[in-house]
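Scroll down for the structure; my scribbles are underneath it.
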Number of protein chains: 2
Amino acid sequence: MAEHGYDGLTVDAVAARSGVHRTTVYRRWRTVDGLLVDLLAMGADDSWIPAETGTLEGDLVELNREIHASLTIRPSLTTAVIAASFRTPEAANALHGFWKDRYERSAIVIARAIDRGEIPADTDAHRVLLTATAPLFHQLTLLRQDLSEADADRYARDAARAAKAGILRAP
Amino acid sequence: MAEHGYDGLTVDAVAARSGVHRTTVYRRWRTVDGLLVDLLAMGADDSWIPAETGTLEGDLVELNREIHASLTIRPSLTTAVIAASFRTPEAANALHGFWKDRYERSAIVIARAIDRGEIPADTDAHRVLLTATAPLFHQLTLLRQDLSEADADRYARDAARAAKAGILRAP
């Protein structure tokens, strides 16, 4: 799918690439959407946790670098899954569940910064994460304009500095 | 398209809704993608300019309310065009051209704030606009989670406050 898009993701193509018979793929998943749902469910079950660098800025920079890499690598599975989410409700639900889980896990970055006394205790964790990460998705996936890793770092630092300045406190 | 998605956008459906013969639609645009490209090109040619409220915060709040309304109205043409942009290169190019134009026109909001002495002269206009607007697109279109108009206002205010604090200066 990363190489040929959602339209190129067929049971035959998956069977050919993985060296099994098409009926094996078919028996397990019925459709390519079923395969996609399992792929994303696997991602949500994995042991991913955000990097711990010792500072809010460092943690957000690491998070943004991961997102930046996933959106700029060619072929990009993330971009292919986003495209698929606009095609089938199964892919959409699986992707939204995957992201919800990732953002929930990432909230620990803000909790640690509060514990260290880096930012106010009533900082809105989701708003910090969205302020840091949303510009990457918007610029690369929707506006389809360039965004360098240095730009990704900058949005992470902006969010950290805004949180420290008390701008991102819960209403 | 807003009502039935890209799959429901056919030459026959457009002809039926507009009360003309399908050959009229076909002669003018050949395909529905051609129609979509003209629609977005029309949007780029229009006389839209961002609201002028007298403050950076006010201008960004107005901008975010427009975006929020366009993404939450049902049916949403904007969401339908975003979905179409993941289907055909014609729709993708037309949408990216439309947005590029809108973001360029919106930069005047930051230029006015600099002229008023509200924010540093070296404030990065595109970064201010992306910091204010990207969370709306990301949350509503990609994460598909709720985002209220009050939330949209908050992201606009966050960006204005970060710009005033000198956080969004050009590197």
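Chain labels follow the order of the structure tokens: the first chain is A, the next B, and so on; residue numbering restarts at 1 in every chain, and ligands are counted from 1 in their shown order.
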Please determine the contact residues of chain B with respect to chain A at a cut-off of 7 Å, counting only C-alpha atoms, and supply them as a list in words. Ala83, Phe86, His96, Trp99, Leu130, Thr131, Ala134, Pro135, Phe137, His138, Leu143, Arg144, Asp158, Arg161, Ala162, Ile167 and Leu168 of chain B
Could you write those residues out with C-alpha atoms, as a PDB file, in the first residue's frame?
ATOM      1  CA  ALA B  83     -11.183  13.444   0.683  1.00  0.00           C
ATOM      2  CA  PHE B  86      -6.547  11.775  -1.737  1.00  0.00           C
ATOM      3  CA  HIS B  96      -3.132  22.783  -2.633  1.00  0.00           C
ATOM      4  CA  TRP B  99      -4.836  26.730   0.228  1.00  0.00           C
ATOM      5  CA  LEU B 130       0.031  27.275  11.043  1.00  0.00           C
ATOM      6  CA  THR B 131       0.198  27.384  14.862  1.00  0.00           C
ATOM      7  CA  ALA B 134      -3.271  23.456  11.989  1.00  0.00           C
ATOM      8  CA  PRO B 135      -4.801  22.075  15.233  1.00  0.00           C
ATOM      9  CA  PHE B 137      -7.553  20.628  10.589  1.00  0.00           C
ATOM     10  CA  HIS B 138      -5.633  17.927  12.458  1.00  0.00           C
ATOM     11  CA  LEU B 143      -7.890  12.632  14.219  1.00  0.00           C
ATOM     12  CA  ARG B 144     -11.690  13.052  13.701  1.00  0.00           C
ATOM     13  CA  ASP B 158      -2.510  30.750  21.907  1.00  0.00           C
ATOM     14  CA  ARG B 161       0.065  35.167  22.685  1.00  0.00           C
ATOM     15  CA  ALA B 162       3.043  33.082  21.513  1.00  0.00           C
ATOM     16  CA  ILE B 167       8.208  32.696  20.485  1.00  0.00           C
ATOM     17  CA  LEU B 168       7.342  32.665  16.759  1.00  0.00           C
TER      18      LEU B 168
END
Distance query Thr55 (chain A) at most 9 Å, only C-alpha atoms, self and fewer than 3 positions along chain excluded, as an MDAnalysis selection string: chainID A and resid 52 58:60 109 112:113 116 118
Going by DSSP on the backbone, which bits of chain A are alpha helix (DSSP H)? Write them as a ChimeraX atom specification, please. /A:11-18,22-29,32-45,56-72,77-85,89-106,108-115,125-137,149-164
Selection export as a compact mmCIF listing (two decimals), in the first residue's frame, atoms kept: C-alpha atoms:
# COMPACT_ATOMS: atom_id res chain seq x y z
CA VAL A 11 -5.35 -9.61 -1.97
CA ASP A 12 -3.32 -10.83 -4.97
CA ALA A 13 -0.59 -8.22 -4.45
CA VAL A 14 -0.33 -9.00 -0.74
CA ALA A 15 -0.14 -12.74 -1.51
CA ALA A 16 2.53 -12.22 -4.19
CA ARG A 17 4.68 -10.01 -1.95
CA SER A 18 4.44 -12.31 1.05
CA ARG A 22 -4.06 -15.80 -2.20
CA THR A 23 -6.52 -18.10 -0.42
CA THR A 24 -4.32 -17.90 2.70
CA VAL A 25 -4.68 -14.11 2.74
CA TYR A 26 -8.34 -14.38 1.88
CA ARG A 27 -9.17 -16.93 4.61
CA ARG A 28 -7.50 -14.82 7.30
CA TRP A 29 -8.72 -11.32 6.36
CA VAL A 32 -7.62 -5.83 2.30
CA ASP A 33 -9.56 -3.54 4.66
CA GLY A 34 -9.55 -6.35 7.23
CA LEU A 35 -5.77 -6.61 6.86
CA LEU A 36 -5.40 -2.85 7.29
CA VAL A 37 -7.53 -2.87 10.44
CA ASP A 38 -5.37 -5.65 11.92
CA LEU A 39 -2.19 -3.77 11.00
CA LEU A 40 -3.32 -0.66 12.86
CA ALA A 41 -4.65 -2.67 15.80
CA MET A 42 -1.19 -4.28 16.04
CA GLY A 43 0.34 -0.80 16.12
CA ALA A 44 -1.95 0.20 19.00
CA ASP A 45 -0.97 -2.94 20.93
CA LEU A 56 9.82 18.96 27.71
CA GLU A 57 11.53 20.53 24.71
CA GLY A 58 13.69 17.45 24.14
CA ASP A 59 10.74 15.06 24.46
CA LEU A 60 8.62 17.08 22.00
CA VAL A 61 11.52 17.35 19.54
CA GLU A 62 11.88 13.54 19.59
CA LEU A 63 8.13 13.10 19.09
CA ASN A 64 8.09 15.53 16.16
CA ARG A 65 11.12 13.87 14.57
CA GLU A 66 9.31 10.52 14.64
CA ILE A 67 6.22 12.06 13.03
CA HIS A 68 8.35 13.96 10.51
CA ALA A 69 10.19 10.78 9.51
CA SER A 70 6.95 8.82 9.16
CA LEU A 71 5.44 11.48 6.86
CA THR A 72 8.53 12.18 4.72
CA LEU A 77 2.93 3.98 5.07
CA THR A 78 1.45 6.72 7.29
CA THR A 79 0.47 8.84 4.30
CA ALA A 80 -0.96 5.75 2.58
CA VAL A 81 -3.05 4.90 5.65
CA ILE A 82 -4.30 8.51 5.85
CA ALA A 83 -5.35 8.29 2.19
CA ALA A 84 -7.07 4.94 2.87
CA SER A 85 -8.94 6.52 5.82
CA PRO A 89 -14.82 3.56 7.15
CA GLU A 90 -12.84 0.51 8.40
CA ALA A 91 -9.51 2.20 7.70
CA ALA A 92 -10.82 5.48 9.15
CA ASN A 93 -11.93 3.86 12.42
CA ALA A 94 -8.70 1.89 12.74
CA LEU A 95 -6.54 4.96 12.09
CA HIS A 96 -8.45 7.16 14.53
CA GLY A 97 -8.19 4.48 17.21
CA PHE A 98 -4.46 4.17 16.56
CA TRP A 99 -3.89 7.93 16.84
CA LYS A 100 -6.11 8.31 19.92
CA ASP A 101 -3.94 5.71 21.63
CA ARG A 102 -0.70 7.39 20.51
CA TYR A 103 -1.78 10.83 21.74
CA GLU A 104 -2.92 9.34 25.05
CA ARG A 105 0.45 7.64 25.53
CA SER A 106 2.24 10.88 24.60
CA ILE A 108 3.09 11.41 29.80
CA VAL A 109 5.58 13.87 28.30
CA ILE A 110 3.53 16.75 29.75
CA ALA A 111 2.93 14.93 33.07
CA ARG A 112 6.70 14.49 33.49
CA ALA A 113 7.31 18.19 32.73
CA ILE A 114 4.72 19.13 35.37
CA ASP A 115 6.40 16.78 37.88
CA ALA A 125 -1.63 18.17 27.72
CA HIS A 126 -3.63 17.56 24.53
CA ARG A 127 -3.27 21.24 23.54
CA VAL A 128 0.52 21.08 23.98
CA LEU A 129 0.70 17.92 21.85
CA LEU A 130 -1.55 19.35 19.14
CA THR A 131 0.35 22.66 19.08
CA ALA A 132 3.61 20.76 18.57
CA THR A 133 2.47 18.07 16.12
CA ALA A 134 -0.49 19.45 14.11
CA PRO A 135 1.63 21.80 11.94
CA LEU A 136 3.62 18.79 10.65
CA PHE A 137 0.52 16.87 9.57
CA GLU A 149 13.31 18.37 10.19
CA ALA A 150 14.60 21.74 11.48
CA ASP A 151 11.05 23.11 11.02
CA ALA A 152 9.65 20.11 12.89
CA ASP A 153 12.10 20.79 15.74
CA ARG A 154 11.01 24.45 15.75
CA TYR A 155 7.31 23.59 16.19
CA ALA A 156 8.26 21.30 19.09
CA ARG A 157 10.28 24.09 20.73
CA ASP A 158 7.50 26.65 20.13
CA ALA A 159 5.02 24.40 21.97
CA ALA A 160 7.45 23.81 24.85
CA ARG A 161 8.14 27.55 25.18
CA ALA A 162 4.42 28.40 25.02
CA ALA A 163 3.68 25.82 27.74
CA LYS A 164 6.47 27.25 29.93
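Here CA of Trp48 (chain B) is placed at a distance of 23.2 Å from CA of Leu140 (chain B).
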Tell me which of B:Gly54, B:Asp146, B:Ser76, B:Thr31 sits closest to Thr10 (chain B), counting only C-alpha atoms.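 Residue with the minimum atom-to-atom distance to Thr10 (chain B): B:Thr31.
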Expressed in Å to a single decimal, how great is the separation between CA of Arg74 (chain B) and CA of Gly8 (chain B)?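 Computed distance, CA of Arg74 (chain B) to CA of Gly8 (chain B), equals 15.9 Å.
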What's the separation between CA of Met1 (chain B) and CA of Ile73 (chain B), in Å to one decimal place? 13.9 Å
